[in-house]
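Here's entry18.cif, which has mmCIF, C-alpha atoms:
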data_structure
#
loop_
_atom_site.group_PDB
_atom_site.id
_atom_site.type_symbol
_atom_site.label_atom_id
_atom_site.label_comp_id
_atom_site.auth_asym_id
_atom_site.auth_seq_id
_atom_site.Cartn_x
_atom_site.Cartn_y
_atom_site.Cartn_z
ATOM 1 C CA MET A 1 49.554 -198.508 -166.234
ATOM 2 C CA ALA A 2 50.473 -195.351 -168.166
ATOM 3 C CA THR A 3 49.242 -194.801 -171.711
ATOM 4 C CA GLN A 4 50.349 -192.772 -174.702
ATOM 5 C CA SER A 5 48.366 -190.011 -176.339
ATOM 6 C CA PRO A 6 46.229 -191.242 -179.250
ATOM 7 C CA PHE A 7 47.735 -188.421 -181.307
ATOM 8 C CA SER A 8 51.253 -189.846 -181.005
ATOM 9 C CA LEU A 9 49.994 -193.320 -181.941
ATOM 10 C CA LEU A 10 48.183 -191.947 -185.000
ATOM 11 C CA GLU A 11 51.189 -189.895 -186.048
ATOM 12 C CA GLY A 12 53.483 -192.906 -185.756
ATOM 13 C CA PHE A 13 51.090 -194.952 -187.895
ATOM 14 C CA LEU A 14 50.845 -192.246 -190.571
ATOM 15 C CA GLN A 15 54.618 -191.814 -190.743
ATOM 16 C CA SER A 16 55.087 -195.548 -191.227
ATOM 17 C CA LEU A 17 52.888 -195.580 -194.336
ATOM 18 C CA PRO A 18 54.868 -195.481 -197.599
ATOM 19 C CA LEU A 19 52.969 -192.580 -199.165
ATOM 20 C CA PRO A 20 54.374 -191.082 -202.368
ATOM 21 C CA ASN A 21 54.609 -187.324 -202.756
ATOM 22 C CA ILE A 22 51.264 -186.804 -204.408
ATOM 23 C CA GLN A 23 50.849 -183.438 -206.077
ATOM 24 C CA PRO A 24 47.328 -182.182 -206.657
ATOM 25 C CA PRO A 25 46.501 -181.045 -210.184
ATOM 26 C CA ALA A 26 47.470 -177.461 -211.042
ATOM 27 C CA TRP A 27 43.836 -176.414 -211.500
ATOM 28 C CA ALA A 28 42.974 -177.602 -207.966
ATOM 29 C CA VAL A 29 45.912 -175.689 -206.466
ATOM 30 C CA ASP A 30 44.943 -172.584 -208.450
ATOM 31 C CA GLU A 31 41.300 -172.729 -207.367
ATOM 32 C CA THR A 32 42.182 -173.429 -203.730
ATOM 33 C CA GLN A 33 44.528 -170.448 -203.650
ATOM 34 C CA ARG A 34 41.844 -168.205 -205.142
ATOM 35 C CA ARG A 35 39.396 -169.313 -202.420
ATOM 36 C CA ILE A 36 41.987 -168.715 -199.684
ATOM 37 C CA VAL A 37 42.589 -165.169 -200.980
ATOM 38 C CA LEU A 38 38.835 -164.524 -200.981
ATOM 39 C CA LEU A 39 38.532 -165.778 -197.400
ATOM 40 C CA LEU A 40 41.523 -163.739 -196.210
ATOM 41 C CA ASN A 41 40.139 -160.591 -197.845
ATOM 42 C CA HIS A 42 36.708 -161.236 -196.318
ATOM 43 C CA ILE A 43 38.360 -161.369 -192.891
ATOM 44 C CA LEU A 44 40.640 -158.373 -193.523
ATOM 45 C CA ILE A 45 37.893 -156.101 -194.828
ATOM 46 C CA GLN A 46 36.137 -156.319 -191.460
ATOM 47 C CA GLU A 47 39.186 -154.778 -189.706
ATOM 48 C CA LYS A 48 39.878 -151.166 -190.722
ATOM 49 C CA GLU A 49 43.274 -151.121 -188.981
ATOM 50 C CA ALA A 50 44.341 -154.274 -190.854
ATOM 51 C CA THR A 51 43.473 -152.842 -194.265
ATOM 52 C CA SER A 52 45.213 -149.542 -193.505
ATOM 53 C CA ARG A 53 48.359 -151.399 -192.403
ATOM 54 C CA LEU A 54 48.309 -153.542 -195.538
ATOM 55 C CA ALA A 55 47.679 -150.497 -197.759
ATOM 56 C CA ARG A 56 50.990 -149.052 -196.482
ATOM 57 C CA GLN A 57 52.666 -152.261 -197.716
ATOM 58 C CA LYS A 58 51.149 -152.082 -201.234
ATOM 59 C CA GLY A 59 53.132 -153.970 -203.833
ATOM 60 C CA ARG A 60 55.073 -155.965 -201.231
ATOM 61 C CA VAL A 61 55.205 -159.708 -201.837
ATOM 62 C CA VAL A 62 55.026 -162.432 -199.172
ATOM 63 C CA HIS A 63 55.793 -166.059 -199.969
ATOM 64 C CA MET A 64 54.401 -168.611 -197.498
ATOM 65 C CA GLN A 65 55.331 -172.278 -197.449
ATOM 66 C CA TRP A 66 54.612 -175.439 -195.481
ATOM 67 C CA ARG A 67 55.944 -178.713 -196.814
ATOM 68 C CA LEU A 68 54.767 -178.947 -200.455
ATOM 69 C CA PHE A 69 52.171 -176.201 -200.066
ATOM 70 C CA ALA A 70 53.246 -172.721 -201.122
ATOM 71 C CA MET A 71 51.460 -169.470 -201.827
ATOM 72 C CA THR A 72 52.728 -166.044 -202.848
ATOM 73 C CA LEU A 73 50.607 -163.001 -202.027
ATOM 74 C CA ILE A 74 50.909 -159.308 -202.815
ATOM 75 C CA ALA A 75 49.428 -156.413 -200.843
ATOM 76 C CA THR A 76 47.073 -154.260 -202.910
ATOM 77 C CA PRO A 77 46.619 -150.470 -202.657
ATOM 78 C CA ALA A 78 43.185 -151.151 -201.114
ATOM 79 C CA GLY A 79 44.825 -152.930 -198.188
ATOM 80 C CA LEU A 80 43.760 -156.389 -199.286
ATOM 81 C CA LEU A 81 45.638 -159.374 -200.697
ATOM 82 C CA ASP A 82 45.956 -160.837 -204.166
ATOM 83 C CA ARG A 83 47.973 -163.667 -205.608
ATOM 84 C CA ALA A 84 51.319 -162.391 -206.790
ATOM 85 C CA PRO A 85 52.420 -162.931 -210.374
ATOM 86 C CA ALA A 86 54.615 -166.000 -210.865
ATOM 87 C CA GLU A 87 57.673 -163.874 -211.633
ATOM 88 C CA ALA A 88 57.299 -161.690 -208.496
ATOM 89 C CA LYS A 89 60.309 -161.727 -206.187
ATOM 90 C CA PRO A 90 59.229 -162.111 -202.543
ATOM 91 C CA ASP A 91 60.113 -159.345 -200.069
ATOM 92 C CA LEU A 92 59.401 -161.790 -197.241
ATOM 93 C CA THR A 93 59.475 -165.581 -197.053
ATOM 94 C CA LEU A 94 57.679 -167.395 -194.227
ATOM 95 C CA ALA A 95 58.255 -171.132 -193.977
ATOM 96 C CA VAL A 96 56.548 -173.231 -191.293
ATOM 97 C CA THR A 97 59.282 -175.509 -189.955
ATOM 98 C CA GLU A 98 57.055 -178.126 -188.282
ATOM 99 C CA GLU A 99 56.722 -181.021 -190.723
ATOM 100 C CA SER A 100 54.111 -183.071 -188.862
ATOM 101 C CA PRO A 101 50.485 -182.071 -189.549
ATOM 102 C CA LEU A 102 49.391 -183.593 -186.226
ATOM 103 C CA ALA A 103 52.019 -181.730 -184.195
ATOM 104 C CA LEU A 104 51.088 -178.536 -186.021
ATOM 105 C CA ALA A 105 47.382 -179.055 -185.265
ATOM 106 C CA GLN A 106 48.148 -179.801 -181.607
ATOM 107 C CA ALA A 107 50.213 -176.619 -181.258
ATOM 108 C CA MET A 108 47.488 -174.523 -182.873
ATOM 109 C CA LEU A 109 44.790 -176.033 -180.648
ATOM 110 C CA ARG A 110 46.923 -175.138 -177.621
ATOM 111 C CA GLY A 111 46.969 -171.584 -178.937
ATOM 112 C CA ASP A 112 50.665 -171.677 -179.831
ATOM 113 C CA LYS A 113 52.021 -170.169 -183.027
ATOM 114 C CA PRO A 114 53.889 -172.626 -185.221
ATOM 115 C CA ALA A 115 57.652 -172.240 -185.574
ATOM 116 C CA VAL A 116 58.366 -170.195 -188.688
ATOM 117 C CA ARG A 117 61.605 -169.477 -190.534
ATOM 118 C CA ILE A 118 61.566 -165.824 -191.601
ATOM 119 C CA GLU A 119 63.701 -164.432 -194.412
ATOM 120 C CA GLY A 120 63.480 -160.937 -195.817
ATOM 121 C CA ASP A 121 62.089 -157.544 -194.831
ATOM 122 C CA VAL A 122 61.834 -157.107 -191.054
ATOM 123 C CA GLN A 123 59.182 -154.346 -191.192
ATOM 124 C CA LEU A 124 56.942 -156.425 -193.446
ATOM 125 C CA ALA A 125 57.428 -159.397 -191.109
ATOM 126 C CA ALA A 126 56.336 -157.190 -188.185
ATOM 127 C CA GLU A 127 53.176 -156.165 -190.066
ATOM 128 C CA VAL A 128 52.344 -159.781 -190.905
ATOM 129 C CA ASN A 129 52.907 -160.711 -187.261
ATOM 130 C CA TRP A 130 50.559 -157.891 -186.175
ATOM 131 C CA LEU A 131 47.890 -159.234 -188.544
ATOM 132 C CA VAL A 132 48.280 -162.762 -187.180
ATOM 133 C CA ASP A 133 48.058 -161.510 -183.589
ATOM 134 C CA HIS A 134 45.159 -159.071 -183.972
ATOM 135 C CA VAL A 135 42.872 -160.091 -186.843
ATOM 136 C CA ARG A 136 40.291 -162.762 -186.061
ATOM 137 C CA TRP A 137 37.478 -164.193 -188.130
ATOM 138 C CA ASP A 138 34.124 -163.708 -186.462
ATOM 139 C CA LEU A 139 32.650 -166.889 -187.883
ATOM 140 C CA GLU A 140 29.639 -166.664 -185.598
ATOM 141 C CA GLU A 141 28.739 -163.248 -187.058
ATOM 142 C CA ASP A 142 28.998 -164.556 -190.624
ATOM 143 C CA LEU A 143 26.976 -167.637 -189.719
ATOM 144 C CA SER A 144 24.275 -165.494 -188.120
ATOM 145 C CA ARG A 145 23.684 -163.775 -191.473
ATOM 146 C CA VAL A 146 22.792 -167.165 -192.946
ATOM 147 C CA ILE A 147 20.937 -169.022 -190.178
ATOM 148 C CA GLY A 148 20.055 -166.299 -187.674
ATOM 149 C CA ASP A 149 21.515 -165.056 -184.408
ATOM 150 C CA ALA A 150 20.277 -167.712 -181.959
ATOM 151 C CA PRO A 151 21.310 -170.812 -183.970
ATOM 152 C CA ALA A 152 24.664 -169.220 -184.843
ATOM 153 C CA HIS A 153 25.286 -168.424 -181.171
ATOM 154 C CA ALA A 154 24.398 -171.993 -180.164
ATOM 155 C CA LEU A 155 26.760 -173.460 -182.781
ATOM 156 C CA GLY A 156 29.484 -171.024 -181.746
ATOM 157 C CA GLN A 157 29.059 -171.954 -178.087
ATOM 158 C CA GLY A 158 29.265 -175.657 -178.942
ATOM 159 C CA ALA A 159 32.409 -175.121 -181.023
ATOM 160 C CA ARG A 160 34.060 -173.093 -178.239
ATOM 161 C CA SER A 161 33.252 -175.874 -175.755
ATOM 162 C CA MET A 162 34.823 -178.485 -178.041
ATOM 163 C CA VAL A 163 37.967 -176.397 -178.552
ATOM 164 C CA SER A 164 38.217 -175.807 -174.796
ATOM 165 C CA ALA A 165 37.912 -179.543 -174.105
ATOM 166 C CA LEU A 166 40.576 -180.315 -176.730
ATOM 167 C CA ARG A 167 42.902 -177.701 -175.233
ATOM 168 C CA GLN A 168 42.414 -179.189 -171.771
ATOM 169 C CA PHE A 169 43.124 -182.670 -173.114
ATOM 170 C CA LEU A 170 46.223 -181.512 -174.960
ATOM 171 C CA GLY A 171 47.394 -179.589 -171.912
ATOM 172 C CA ALA A 172 46.986 -182.677 -169.737
ATOM 173 C CA SER A 173 48.752 -184.837 -172.346
ATOM 174 C CA ALA A 174 51.629 -182.372 -172.623
ATOM 175 C CA ALA A 175 51.943 -182.083 -168.830
ATOM 176 C CA ASN A 176 52.105 -185.861 -168.401
ATOM 177 C CA GLY A 177 54.477 -186.264 -171.332
ATOM 178 C CA PRO A 178 54.767 -189.376 -173.454
ATOM 179 C CA THR A 179 55.000 -192.418 -171.226
ATOM 180 C CA LYS A 180 55.539 -196.095 -171.885
ATOM 181 C CA ALA A 181 53.419 -198.863 -170.519
ATOM 182 C CA GLN A 182 54.863 -200.217 -167.296
ATOM 183 C CA THR A 183 55.894 -203.852 -167.268
#
Take the structure I supplied and represent it as C-alpha cells, if you would.
Amino acid sequence: MATQSPFSLLEGFLQSLPLPNIQPPAWAVDETQRRIVLLLNHILIQEKEATSRLARQKGRVVHMQWRLFAMTLIATPAGLLDRAPAEAKPDLTLAVTEESPLALAQAMLRGDKPAVRIEGDVQLAAEVNWLVDHVRWDLEEDLSRVIGDAPAHALGQGARSMVSALRQFLGASAANGPTKAQT
C-alpha cells in the first residue's frame, strides 16, 4: 500500500482551516525588520567581496515580498544594508511566487532557490543573486565564540546530519511522487 508524504497531509489540513488574514502589530513588524537587518549585516560584514559589491550599489533600493511579508532595504556606502525610508522608490522588486510555506520550506531544504518574480534593474538583480549564491552564515563559528569550539562543532555536525536526513527524505518523497492508497 502506497502512502502520501506527511508534508502534503499537513499542508492540506492547514489550507482547509479558515484562518483570517492576521496582521501583526506595526511595532512587531518594525522590530523584526530591524533584527533581520542586523543579522544580514552581521553576515555581510564577514565577506569582504560582498560588502565591496554592495558599496558599489549604494543608495539602491530593493523591495522584497512574500505573501503579506514585505521589506524594503537600501544599500549603504559602507556596503551594508539599512531599511529604506517609506517613500523610497524601489530599483528592484523581488517577490517570492510560492504561496505555500510548506512547499517553500521543502524546496529550500532540497537546496533549491524559490521561484521569484523580478522587476527592475537587471544589474542590481545580478548583484543580489551573487550575494544569495556566495554569502553563507557560518553559524558554527559564531556559536563557537559563545560556547567554545568543540560544543559548537558537535552541534553543527548534528544539525548537518539532520538537514542531510531531511534532504534524503524529501528526495525520496519527490522521486516517488504523491501516490494514493491502493484499493
Selection result of the PyMOL selection byres ((chain A and resi 137) around 10) on this file, as JSON, numbers by chain: {"A": [39, 40, 42, 43, 44, 46, 47, 135, 136, 138, 139, 140, 141, 142]}
Residues as selected, C-alpha atoms, written as a PDB file, in the frame of the given file, can you do that?
ATOM      1  CA  LEU A  39      38.532-165.778-197.400  1.00  0.00           C
ATOM      2  CA  LEU A  40      41.523-163.739-196.210  1.00  0.00           C
ATOM      3  CA  HIS A  42      36.708-161.236-196.318  1.00  0.00           C
ATOM      4  CA  ILE A  43      38.360-161.369-192.891  1.00  0.00           C
ATOM      5  CA  LEU A  44      40.640-158.373-193.523  1.00  0.00           C
ATOM      6  CA  GLN A  46      36.137-156.319-191.460  1.00  0.00           C
ATOM      7  CA  GLU A  47      39.186-154.778-189.706  1.00  0.00           C
ATOM      8  CA  VAL A 135      42.872-160.091-186.843  1.00  0.00           C
ATOM      9  CA  ARG A 136      40.291-162.762-186.061  1.00  0.00           C
ATOM     10  CA  ASP A 138      34.124-163.708-186.462  1.00  0.00           C
ATOM     11  CA  LEU A 139      32.650-166.889-187.883  1.00  0.00           C
ATOM     12  CA  GLU A 140      29.639-166.664-185.598  1.00  0.00           C
ATOM     13  CA  GLU A 141      28.739-163.248-187.058  1.00  0.00           C
ATOM     14  CA  ASP A 142      28.998-164.556-190.624  1.00  0.00           C
TER      15      ASP A 142
END
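Closest approach to Val62 of chain A among A:Leu109, A:Ala88, A:Ile74, A:Leu80 is made by A:Ile74 (distances from all atoms listed in the file).
Between Glu99 of chain A and the residues A:Thr72, A:Glu87, A:Gln65, A:Asp112, the shortest atom-to-atom distance, using all atoms listed in the file, involves A:Gln65.
When all atoms listed in the file are used to measure the gap to Glu119 of chain A, the shortest distance among A:Met64, A:Arg145, A:Val132, A:Leu81 belongs to A:Met64.
Taking only C-alpha atoms into account, Ile36 of chain A lies nearest to A:Asp82 out of the set A:Glu49, A:Asp82, A:Thr76, A:His63.
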Because some atoms of segment 21-32 of chain A are absent here, can you restore all heavy atoms and send them as a tab-separated table (two decimals), in the frame of the given file?
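Generated output (selection_22.tsv):
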chain	number	residue	atom	x	y	z
A	21	ASN	N	54.91	-188.76	-202.74
A	21	ASN	CA	54.61	-187.32	-202.76
A	21	ASN	C	53.59	-187.07	-203.86
A	21	ASN	O	53.94	-186.96	-205.03
A	21	ASN	CB	55.87	-186.50	-203.01
A	21	ASN	CG	56.73	-186.41	-201.78
A	21	ASN	OD1	56.24	-186.60	-200.67
A	21	ASN	ND2	58.00	-186.12	-201.96
A	22	ILE	N	52.35	-186.99	-203.46
A	22	ILE	CA	51.26	-186.80	-204.41
A	22	ILE	C	51.02	-185.31	-204.56
A	22	ILE	O	50.76	-184.62	-203.58
A	22	ILE	CB	49.99	-187.51	-203.94
A	22	ILE	CG1	50.24	-189.01	-203.81
A	22	ILE	CG2	48.83	-187.23	-204.88
A	22	ILE	CD1	49.10	-189.77	-203.17
A	23	GLN	N	51.11	-184.84	-205.79
A	23	GLN	CA	50.85	-183.44	-206.08
A	23	GLN	C	49.44	-183.31	-206.63
A	23	GLN	O	49.06	-184.04	-207.55
A	23	GLN	CB	51.84	-182.91	-207.13
A	23	GLN	CG	53.21	-182.62	-206.57
A	23	GLN	CD	53.22	-181.30	-205.83
A	23	GLN	OE1	52.46	-181.10	-204.87
A	23	GLN	NE2	54.06	-180.40	-206.24
A	24	PRO	N	48.65	-182.40	-206.08
A	24	PRO	CA	47.33	-182.18	-206.66
A	24	PRO	C	47.46	-181.53	-208.03
A	24	PRO	O	48.48	-180.91	-208.33
A	24	PRO	CB	46.65	-181.24	-205.65
A	24	PRO	CG	47.76	-180.64	-204.87
A	24	PRO	CD	48.91	-181.56	-204.93
A	25	PRO	N	46.43	-181.66	-208.86
A	25	PRO	CA	46.50	-181.04	-210.18
A	25	PRO	C	46.61	-179.52	-210.07
A	25	PRO	O	46.13	-178.91	-209.10
A	25	PRO	CB	45.19	-181.45	-210.86
A	25	PRO	CG	44.38	-182.15	-209.84
A	25	PRO	CD	45.20	-182.38	-208.63
A	26	ALA	N	47.23	-178.90	-211.06
A	26	ALA	CA	47.47	-177.46	-211.04
A	26	ALA	C	46.16	-176.68	-210.92
A	26	ALA	O	46.11	-175.67	-210.22
A	26	ALA	CB	48.23	-177.04	-212.30
A	27	TRP	N	45.10	-177.14	-211.57
A	27	TRP	CA	43.84	-176.41	-211.50
A	27	TRP	C	43.27	-176.41	-210.08
A	27	TRP	O	42.67	-175.43	-209.65
A	27	TRP	CB	42.81	-176.98	-212.49
A	27	TRP	CG	42.39	-178.39	-212.19
A	27	TRP	CD1	42.91	-179.53	-212.71
A	27	TRP	CD2	41.38	-178.81	-211.28
A	27	TRP	NE1	42.29	-180.64	-212.18
A	27	TRP	CE2	41.33	-180.23	-211.30
A	27	TRP	CE3	40.49	-178.14	-210.44
A	27	TRP	CZ2	40.46	-180.97	-210.52
A	27	TRP	CZ3	39.60	-178.88	-209.67
A	27	TRP	CH2	39.60	-180.28	-209.71
A	28	ALA	N	43.48	-177.52	-209.34
A	28	ALA	CA	42.97	-177.60	-207.97
A	28	ALA	C	43.76	-176.66	-207.05
A	28	ALA	O	43.19	-175.99	-206.19
A	28	ALA	CB	43.05	-179.03	-207.45
A	29	VAL	N	45.07	-176.60	-207.25
A	29	VAL	CA	45.91	-175.69	-206.47
A	29	VAL	C	45.50	-174.25	-206.76
A	29	VAL	O	45.33	-173.44	-205.84
A	29	VAL	CB	47.41	-175.91	-206.78
A	29	VAL	CG1	48.27	-174.84	-206.14
A	29	VAL	CG2	47.84	-177.29	-206.35
A	30	ASP	N	45.33	-173.93	-208.04
A	30	ASP	CA	44.94	-172.58	-208.45
A	30	ASP	C	43.61	-172.18	-207.82
A	30	ASP	O	43.49	-171.09	-207.24
A	30	ASP	CB	44.85	-172.53	-209.98
A	30	ASP	CG	44.51	-171.16	-210.49
A	30	ASP	OD1	45.29	-170.21	-210.24
A	30	ASP	OD2	43.45	-171.02	-211.14
A	31	GLU	N	42.63	-173.04	-207.91
A	31	GLU	CA	41.30	-172.73	-207.37
A	31	GLU	C	41.32	-172.62	-205.84
A	31	GLU	O	40.68	-171.74	-205.26
A	31	GLU	CB	40.28	-173.77	-207.81
A	31	GLU	CG	38.84	-173.39	-207.53
A	31	GLU	CD	38.41	-172.10	-208.21
A	31	GLU	OE1	38.90	-171.76	-209.30
A	31	GLU	OE2	37.56	-171.38	-207.62
A	32	THR	N	42.07	-173.48	-205.19
A	32	THR	CA	42.18	-173.43	-203.73
A	32	THR	C	42.82	-172.12	-203.30
A	32	THR	O	42.36	-171.47	-202.35
A	32	THR	CB	42.99	-174.62	-203.21
A	32	THR	OG1	42.34	-175.82	-203.60
A	32	THR	CG2	43.15	-174.58	-201.71
